[in-house]
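Structure data (CSV, C-alpha atoms) from work_32.csv:
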```csv
chain,number,residue,atom,x,y,z
S,20,LEU,CA,-7.5,19.4,-3.3
S,21,SER,CA,-9.9,16.6,-4.2
S,22,GLN,CA,-7.0,14.4,-5.4
S,23,ALA,CA,-5.2,14.9,-2.1
S,24,GLN,CA,-8.5,14.1,-0.3
S,25,ALA,CA,-9.0,10.9,-2.4
S,26,ARG,CA,-5.5,9.7,-1.6
S,27,ALA,CA,-5.9,10.4,2.1
S,28,LEU,CA,-9.3,8.7,2.2
S,29,GLU,CA,-7.8,5.6,0.7
S,30,GLU,CA,-4.9,5.6,3.1
S,31,VAL,CA,-7.0,6.0,6.2
S,32,GLY,CA,-9.5,3.4,4.9
S,33,ALA,CA,-6.8,0.8,5.4
S,34,LEU,CA,-6.5,1.4,9.2
S,35,ASP,CA,-8.1,-1.3,11.4
S,36,ASP,CA,-10.0,0.8,13.8
S,37,PRO,CA,-13.5,1.7,12.3
S,38,GLU,CA,-14.0,4.6,14.7
S,39,LEU,CA,-10.6,6.1,13.9
S,40,VAL,CA,-11.3,5.6,10.1
S,41,GLU,CA,-14.7,7.3,10.3
S,42,ALA,CA,-13.3,10.3,12.3
S,43,ALA,CA,-10.4,10.8,10.0
S,44,ARG,CA,-12.6,10.5,6.9
S,45,ALA,CA,-14.9,13.2,8.3
S,46,GLN,CA,-11.9,15.5,9.0
S,47,ILE,CA,-10.4,14.9,5.6
S,48,LEU,CA,-13.7,15.7,3.8
S,49,ARG,CA,-14.1,19.0,5.8
S,50,SER,CA,-10.5,20.0,4.9
S,51,GLU,CA,-10.3,23.1,2.8
S,52,THR,CA,-6.6,23.0,1.9
S,53,SER,CA,-4.0,20.3,1.2
S,54,ASP,CA,-2.3,21.2,4.5
S,55,GLN,CA,-5.4,20.4,6.4
S,56,VAL,CA,-5.8,17.1,4.6
S,57,GLN,CA,-2.2,16.3,5.5
S,58,ALA,CA,-2.8,17.3,9.2
S,59,ALA,CA,-5.8,15.1,9.3
S,60,MET,CA,-3.8,12.2,7.9
S,61,ASP,CA,-0.9,12.8,10.4
S,62,PHE,CA,-3.3,12.9,13.3
S,63,ALA,CA,-5.0,9.6,12.2
S,64,VAL,CA,-1.6,7.9,11.8
S,65,GLU,CA,-0.5,9.1,15.3
S,66,LEU,CA,-3.7,7.8,16.9
S,67,ASN,CA,-3.3,4.5,15.1
S,68,ILE,CA,0.3,4.2,16.3
S,69,ASN,CA,-0.8,4.9,19.9
S,70,ARG,CA,-3.4,2.1,19.7
S,71,ILE,CA,-0.9,-0.3,18.1
S,72,VAL,CA,1.7,0.3,20.8
S,73,LYS,CA,-0.9,-0.3,23.5
S,74,ARG,CA,-1.9,-3.6,21.9
S,75,VAL,CA,1.7,-4.6,21.4
S,76,LYS,CA,2.6,-3.9,25.0
S,77,GLU,CA,-0.4,-6.1,26.1
S,78,ALA,CA,0.9,-8.9,23.8
S,79,ILE,CA,4.4,-8.6,25.2
S,80,HIS,CA,3.2,-8.8,28.8
S,81,GLN,CA,0.9,-11.8,28.0
S,82,LYS,CA,3.5,-13.4,25.7
S,83,ARG,CA,0.9,-13.6,22.9
S,84,LYS,CA,1.6,-13.9,19.2
S,85,CYS,CA,0.0,-11.3,16.9
S,86,TYR,CA,-1.1,-10.7,13.4
S,87,VAL,CA,0.4,-7.4,12.1
S,88,ARG,CA,-1.1,-5.7,9.0
S,89,TYR,CA,1.7,-3.7,7.3
S,90,ARG,CA,2.2,-1.7,4.2
S,91,VAL,CA,5.9,-1.7,3.1
S,92,ASP,CA,5.3,0.9,0.4
S,93,PRO,CA,2.5,3.5,0.4
S,94,GLU,CA,1.6,2.3,-3.2
S,95,GLY,CA,2.2,-1.4,-2.4
S,96,PRO,CA,0.0,-4.2,-1.1
S,97,ILE,CA,-0.9,-4.7,2.5
S,98,GLU,CA,0.9,-7.7,4.0
S,99,THR,CA,0.0,-9.6,7.2
S,100,TYR,CA,2.8,-11.0,9.4
S,101,HIS,CA,2.4,-13.7,12.1
S,102,VAL,CA,4.8,-12.5,14.8
S,103,ALA,CA,5.9,-12.7,18.4
S,104,PRO,CA,6.2,-9.0,19.5
S,105,LEU,CA,9.6,-8.2,21.2
S,106,ASP,CA,9.8,-4.4,21.6
S,107,VAL,CA,9.0,-0.9,20.4
S,108,LYS,CA,11.9,1.4,19.9
S,109,SER,CA,13.7,3.6,17.5
S,110,GLY,CA,16.0,2.3,14.7
S,111,LYS,CA,19.6,1.4,15.2
S,112,THR,CA,21.3,3.4,12.5
S,113,PRO,CA,21.6,7.2,12.2
S,114,THR,CA,19.1,7.2,9.4
S,115,THR,CA,16.5,5.1,11.2
S,116,ARG,CA,16.8,6.6,14.7
S,117,ALA,CA,14.2,9.3,13.8
S,118,ASN,CA,11.5,6.6,13.5
S,119,ASP,CA,10.0,4.1,16.0
S,120,TYR,CA,9.8,0.5,15.0
S,121,LEU,CA,7.9,-2.6,16.1
S,122,TRP,CA,10.6,-5.3,16.6
S,123,VAL,CA,9.1,-8.7,16.2
S,124,HIS,CA,10.1,-12.3,15.6
S,125,SER,CA,8.5,-13.1,12.2
S,126,TYR,CA,7.5,-16.7,11.8
S,127,LYS,CA,7.4,-16.3,8.0
S,128,HIS,CA,11.0,-15.1,7.9
S,129,ASN,CA,12.1,-17.1,11.0
S,130,ARG,CA,14.1,-14.2,12.4
S,131,VAL,CA,13.7,-10.8,14.1
S,132,ILE,CA,12.5,-8.0,11.8
S,133,SER,CA,11.6,-4.4,12.3
S,134,LEU,CA,8.4,-2.8,11.1
S,135,ARG,CA,8.2,1.0,10.9
S,136,LEU,CA,5.3,2.0,13.2
S,137,GLY,CA,3.9,4.6,10.8
S,138,GLN,CA,3.3,1.9,8.3
S,139,VAL,CA,1.6,-0.6,10.6
S,140,LEU,CA,-2.1,-0.5,9.9
S,141,GLY,CA,-3.2,-2.7,12.7
S,142,VAL,CA,-2.4,-5.4,15.2
S,143,GLU,CA,-4.6,-8.3,16.3
S,144,LEU,CA,-3.6,-10.5,19.3
S,145,SER,CA,-3.7,-14.2,18.6
S,146,GLU,CA,-4.8,-16.8,21.2
S,147,GLU,CA,-1.4,-18.4,20.7
S,148,SER,CA,1.4,-17.8,23.1
S,149,PHE,CA,5.1,-17.7,22.5
S,150,ASP,CA,8.1,-18.8,24.6
S,151,PRO,CA,10.7,-16.0,24.8
S,152,ALA,CA,13.5,-18.4,25.8
S,153,GLU,CA,12.9,-20.3,22.6
S,154,LEU,CA,13.0,-17.2,20.5
S,155,MET,CA,16.2,-15.9,22.1
S,156,ALA,CA,18.0,-19.2,22.3
S,157,ASP,CA,20.6,-18.2,19.7
S,158,TRP,CA,21.0,-14.6,20.8
S,159,LYS,CA,24.6,-13.5,21.6
S,160,GLU,CA,23.4,-10.8,24.0
S,161,LYS,CA,21.4,-12.8,26.6
S,162,GLU,CA,19.7,-9.8,28.3
S,163,PRO,CA,18.8,-7.2,25.8
S,164,GLU,CA,17.9,-3.7,27.0
S,165,TRP,CA,14.1,-3.7,26.4
S,166,ASN,CA,12.2,-0.5,25.9
S,167,VAL,CA,8.9,-2.1,26.9
S,168,PRO,CA,9.2,-3.4,30.4
S,169,ARG,CA,8.4,-7.1,30.9
S,170,THR,CA,8.8,-9.9,33.4
S,171,TRP,CA,10.6,-12.4,31.1
```
Kindly transcribe the structure held in the file into structure tokens.
Amino acid sequence: LSQAQARALEEVGALDDPELVEAARAQILRSETSDQVQAAMDFAVELNINRIVKRVKEAIHQKRKCYVRYRVDPEGPIETYHVAPLDVKSGKTPTTRANDYLWVHSYKHNRVISLRLGQVLGVELSEESFDPAELMADWKEKEPEWNVPRTW
């Protein structure tokens, strides 16, 4: 049990929201079984996703760039991406449809990438704005079907 708790404490410690981290840590430490530890982790991840989606929607509406903290692999390093948020929706393939993704234009990669929401640790809005027309200039489909409503 203590090994599961230690791993869970490390994972929730990487989340951005200090209140969420503290609440999750308390629940993990009170856990008496591995299942309770996992339930506390799942709950913390779900709350984190809800807060991330709220911030991303705000950024989309305001056309603001973001910094996204992301862990590609649970054992891997945390990476920070400078992005223009485009949408939040499920994957496109049969395998990925079960998960929700943050679809962004990555300035590092200079293209649209998808980030699995359960692996996004935090989102910080930048003061910089982005021009959607500039990002979508080369798109073949001029009017994508957006999941997050917007006025652009």
field: Close residues, Ser133 in chain S itself excluded, 10 Å, all atoms listed in the file, min 4 positions apart in chain, as a list of chain:residue names
entry: S:Leu105, S:Asp106, S:Val107, S:Lys108, S:Ser109, S:Gly110, S:Asp119, S:Tyr120, S:Leu121, S:Trp122, S:Val123, S:His124, S:Ser125
Atoms to include: C-alpha atoms. Write the selected residues as a short mmCIF file (atom, residue, chain, number, x, y, z; two decimals), in the frame of the given file.
```
data_model
loop_
_atom_site.label_atom_id
_atom_site.label_comp_id
_atom_site.auth_asym_id
_atom_site.auth_seq_id
_atom_site.Cartn_x
_atom_site.Cartn_y
_atom_site.Cartn_z
CA LEU S 105 9.60 -8.20 21.20
CA ASP S 106 9.80 -4.40 21.60
CA VAL S 107 9.00 -0.90 20.40
CA LYS S 108 11.90 1.40 19.90
CA SER S 109 13.70 3.60 17.50
CA GLY S 110 16.00 2.30 14.70
CA ASP S 119 10.00 4.10 16.00
CA TYR S 120 9.80 0.50 15.00
CA LEU S 121 7.90 -2.60 16.10
CA TRP S 122 10.60 -5.30 16.60
CA VAL S 123 9.10 -8.70 16.20
CA HIS S 124 10.10 -12.30 15.60
CA SER S 125 8.50 -13.10 12.20
#
```
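If only C-alpha atoms are the atoms counted, then among S:Gly32, S:Val40, S:Ala78, S:Asp54 the closest residue to Leu66 in chain S is S:Val40.
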Please provide the set of residues having any atom within 7 Å of range 148-159 of chain S, restricted to only C-alpha atoms, with same-chain residues fewer than 6 positions apart removed, written as a PDB file with C-alpha atoms, in the frame of the given file.
```pdb
ATOM      1  CA  LYS S  82       3.500 -13.400  25.700  1.00  0.00           C
ATOM      2  CA  ARG S  83       0.900 -13.600  22.900  1.00  0.00           C
ATOM      3  CA  LYS S  84       1.600 -13.900  19.200  1.00  0.00           C
ATOM      4  CA  ALA S 103       5.900 -12.700  18.400  1.00  0.00           C
TER       5      ALA S 103
END
```
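Note that the spacing between CA of Glu98 in chain S and CA of Arg74 in chain S amounts to 18.6 Å.
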Of the listed residues S:Pro104, S:Pro93, S:Pro113, S:Gly141, that which approaches Val167 in chain S most closely, counting all atoms listed in the file: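 Smallest separation from Val167 in chain S among the options: S:Pro104.
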task: Between S:Gln55, S:Pro37, S:Ile71, S:Gly137, single out the one closest to Leu20 in chain S, counting all atoms listed in the file.
output: S:Gln55
message: Report as JSON, numbers by chain all protein, DNA and RNA residues lying within 8 Å of Lys127 in chain S, evaluated on only C-alpha atoms, omitting residues in the same chain fewer than 2 positions from it.
response: {"S": [100, 101, 125, 129]}
query: Of the candidates S:Ile79, S:Val102, S:Pro163, S:Thr112, which one gets nearest to Val131 in chain S if we count only C-alpha atoms?
result: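 That would be S:Val102, the residue with the smallest distance to Val131 in chain S.
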- request: Please provide the set of residues having any atom within 9 Å of Arg88 in chain S, restricted to only C-alpha atoms, with same-chain residues fewer than 4 positions apart removed, written as a list in words.
  value: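 Result of the neighbour search: Leu34, Asp35, Ile97, Glu98, Thr99, Tyr100, Gln138, Val139, Leu140, Gly141, Val142 and Glu143 of chain S.
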message: Between CA of Gly95 in chain S and CA of Leu144 in chain S, what is the distance in Å, rounded to a tenth?
response: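 For CA of Gly95 in chain S relative to CA of Leu144 in chain S, the distance reads 24.2 Å.
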task: Calculate how many Å separate CA of His128 in chain S from CA of Asp92 in chain S, rounding to one decimal.
output: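 Interatomic distance here is 18.6 Å.
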task: Find, counting all atoms listed in the file, the residue in S:Leu136, S:Ile68, S:Ala42, S:Ile47 that gets nearest to Gln24 in chain S.
output: S:Ile47
task: Go through S:Lys111, S:Thr170, S:Glu41, S:Glu30 one by one, measure the shortest atom-to-atom distance of each to His80 in chain S using all atoms listed in the file, and give the residue with the smallest value.
output: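 When distances to His80 in chain S are compared using all atoms listed in the file, the smallest one comes from S:Thr170.
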Please export range 99-115 of chain S as a CSV table (one decimal), in the first residue's frame, restricted to all heavy atoms.
```csv
chain,number,residue,atom,x,y,z
S,99,THR,N,6.7,21.5,-21.4
S,99,THR,CA,5.8,22.6,-21.5
S,99,THR,C,5.8,23.0,-23.0
S,99,THR,O,6.8,23.2,-23.6
S,99,THR,CB,6.4,23.8,-20.7
S,99,THR,OG1,6.4,23.4,-19.3
S,99,THR,CG2,5.4,25.0,-20.8
S,100,TYR,N,4.5,23.2,-23.5
S,100,TYR,CA,4.3,23.5,-24.8
S,100,TYR,C,3.7,24.9,-24.9
S,100,TYR,O,2.8,25.3,-24.1
S,100,TYR,CB,3.3,22.6,-25.5
S,100,TYR,CG,3.8,21.2,-25.7
S,100,TYR,CD1,3.4,20.2,-24.8
S,100,TYR,CD2,4.7,20.8,-26.7
S,100,TYR,CE1,3.8,18.9,-24.9
S,100,TYR,CE2,5.1,19.5,-26.8
S,100,TYR,CZ,4.7,18.6,-26.0
S,100,TYR,OH,5.1,17.3,-26.1
S,101,HIS,N,4.2,25.8,-25.8
S,101,HIS,CA,3.6,27.1,-26.1
S,101,HIS,C,2.6,26.8,-27.3
S,101,HIS,O,3.0,26.4,-28.3
S,101,HIS,CB,4.7,28.1,-26.5
S,101,HIS,CG,4.2,29.5,-26.6
S,101,HIS,ND1,4.6,30.3,-27.6
S,101,HIS,CD2,3.3,30.2,-25.9
S,101,HIS,CE1,4.1,31.5,-27.5
S,101,HIS,NE2,3.3,31.4,-26.4
S,102,VAL,N,1.3,27.1,-27.0
S,102,VAL,CA,0.3,26.7,-28.0
S,102,VAL,C,-0.8,27.7,-28.2
S,102,VAL,O,-1.0,28.6,-27.4
S,102,VAL,CB,-0.4,25.4,-27.6
S,102,VAL,CG1,0.7,24.3,-27.4
S,102,VAL,CG2,-1.2,25.6,-26.3
S,103,ALA,N,-1.5,27.6,-29.3
S,103,ALA,CA,-2.8,28.3,-29.5
S,103,ALA,C,-3.8,27.2,-29.4
S,103,ALA,O,-3.8,26.2,-30.2
S,103,ALA,CB,-2.8,28.9,-30.9
S,104,PRO,N,-4.7,27.3,-28.4
S,104,PRO,CA,-5.7,26.2,-28.2
S,104,PRO,C,-6.8,26.3,-29.3
S,104,PRO,O,-7.2,27.3,-29.7
S,104,PRO,CB,-6.3,26.5,-26.9
S,104,PRO,CG,-6.2,28.0,-26.7
S,104,PRO,CD,-4.9,28.3,-27.4
S,105,LEU,N,-7.2,25.1,-29.9
S,105,LEU,CA,-8.1,25.0,-31.0
S,105,LEU,C,-9.4,24.4,-30.6
S,105,LEU,O,-10.5,24.8,-30.9
S,105,LEU,CB,-7.5,24.3,-32.2
S,105,LEU,CG,-6.3,25.0,-32.8
S,105,LEU,CD1,-5.7,24.2,-33.8
S,105,LEU,CD2,-6.6,26.4,-33.3
S,106,ASP,N,-9.3,23.3,-29.8
S,106,ASP,CA,-10.6,22.5,-29.5
S,106,ASP,C,-10.3,21.5,-28.4
S,106,ASP,O,-9.1,21.1,-28.1
S,106,ASP,CB,-11.1,21.9,-30.7
S,106,ASP,CG,-12.7,21.8,-30.7
S,106,ASP,OD1,-13.3,22.2,-29.7
S,106,ASP,OD2,-13.2,21.3,-31.7
S,107,VAL,N,-11.3,20.9,-27.8
S,107,VAL,CA,-11.3,19.8,-26.9
S,107,VAL,C,-12.3,18.8,-27.4
S,107,VAL,O,-13.5,19.1,-27.5
S,107,VAL,CB,-11.7,20.2,-25.5
S,107,VAL,CG1,-11.7,19.0,-24.6
S,107,VAL,CG2,-10.7,21.3,-25.0
S,108,LYS,N,-11.8,17.6,-27.8
S,108,LYS,CA,-12.7,16.6,-28.3
S,108,LYS,C,-12.0,15.3,-28.3
S,108,LYS,O,-10.8,15.2,-28.1
S,108,LYS,CB,-13.2,16.9,-29.7
S,108,LYS,CG,-12.3,17.1,-30.8
S,108,LYS,CD,-13.0,17.6,-32.1
S,108,LYS,CE,-12.1,18.0,-33.2
S,108,LYS,NZ,-12.8,18.4,-34.3
S,109,SER,N,-12.7,14.2,-28.6
S,109,SER,CA,-12.1,12.9,-28.6
S,109,SER,C,-11.2,12.7,-29.8
S,109,SER,O,-11.2,13.5,-30.7
S,109,SER,CB,-13.3,11.8,-28.6
S,109,SER,OG,-14.0,12.0,-29.7
S,110,GLY,N,-10.5,11.6,-29.8
S,110,GLY,CA,-9.6,11.2,-30.8
S,110,GLY,C,-10.3,10.9,-32.1
S,110,GLY,O,-11.5,10.7,-32.1
S,111,LYS,N,-9.6,10.7,-33.2
S,111,LYS,CA,-10.2,10.5,-34.5
S,111,LYS,C,-10.2,9.0,-34.9
S,111,LYS,O,-11.0,8.6,-35.7
S,111,LYS,CB,-9.4,11.2,-35.6
S,111,LYS,CG,-9.5,12.7,-35.4
S,111,LYS,CD,-8.7,13.5,-36.5
S,111,LYS,CE,-8.9,15.0,-36.4
S,111,LYS,NZ,-8.2,15.7,-37.4
S,112,THR,N,-9.3,8.2,-34.3
S,112,THR,CA,-9.2,6.8,-34.7
S,112,THR,C,-10.1,5.9,-33.7
S,112,THR,O,-10.4,6.4,-32.6
S,112,THR,CB,-7.8,6.3,-34.6
S,112,THR,OG1,-7.3,6.3,-33.3
S,112,THR,CG2,-6.9,7.2,-35.5
S,113,PRO,N,-10.4,4.7,-34.1
S,113,PRO,CA,-11.1,3.8,-33.1
S,113,PRO,C,-10.4,3.7,-31.8
S,113,PRO,O,-11.1,3.6,-30.7
S,113,PRO,CB,-11.2,2.5,-33.9
S,113,PRO,CG,-11.1,2.9,-35.3
S,113,PRO,CD,-10.2,4.1,-35.4
S,114,THR,N,-9.1,3.6,-31.8
S,114,THR,CA,-8.4,3.4,-30.6
S,114,THR,C,-8.4,4.7,-29.7
S,114,THR,O,-8.5,4.6,-28.5
S,114,THR,CB,-6.9,3.1,-30.9
S,114,THR,OG1,-6.9,2.0,-31.7
S,114,THR,CG2,-6.1,2.8,-29.6
S,115,THR,N,-8.4,5.9,-30.3
S,115,THR,CA,-8.3,7.1,-29.5
S,115,THR,C,-9.6,7.7,-29.2
S,115,THR,O,-9.7,8.6,-28.4
S,115,THR,CB,-7.4,8.1,-30.2
S,115,THR,OG1,-8.0,8.5,-31.5
S,115,THR,CG2,-6.0,7.6,-30.4
```
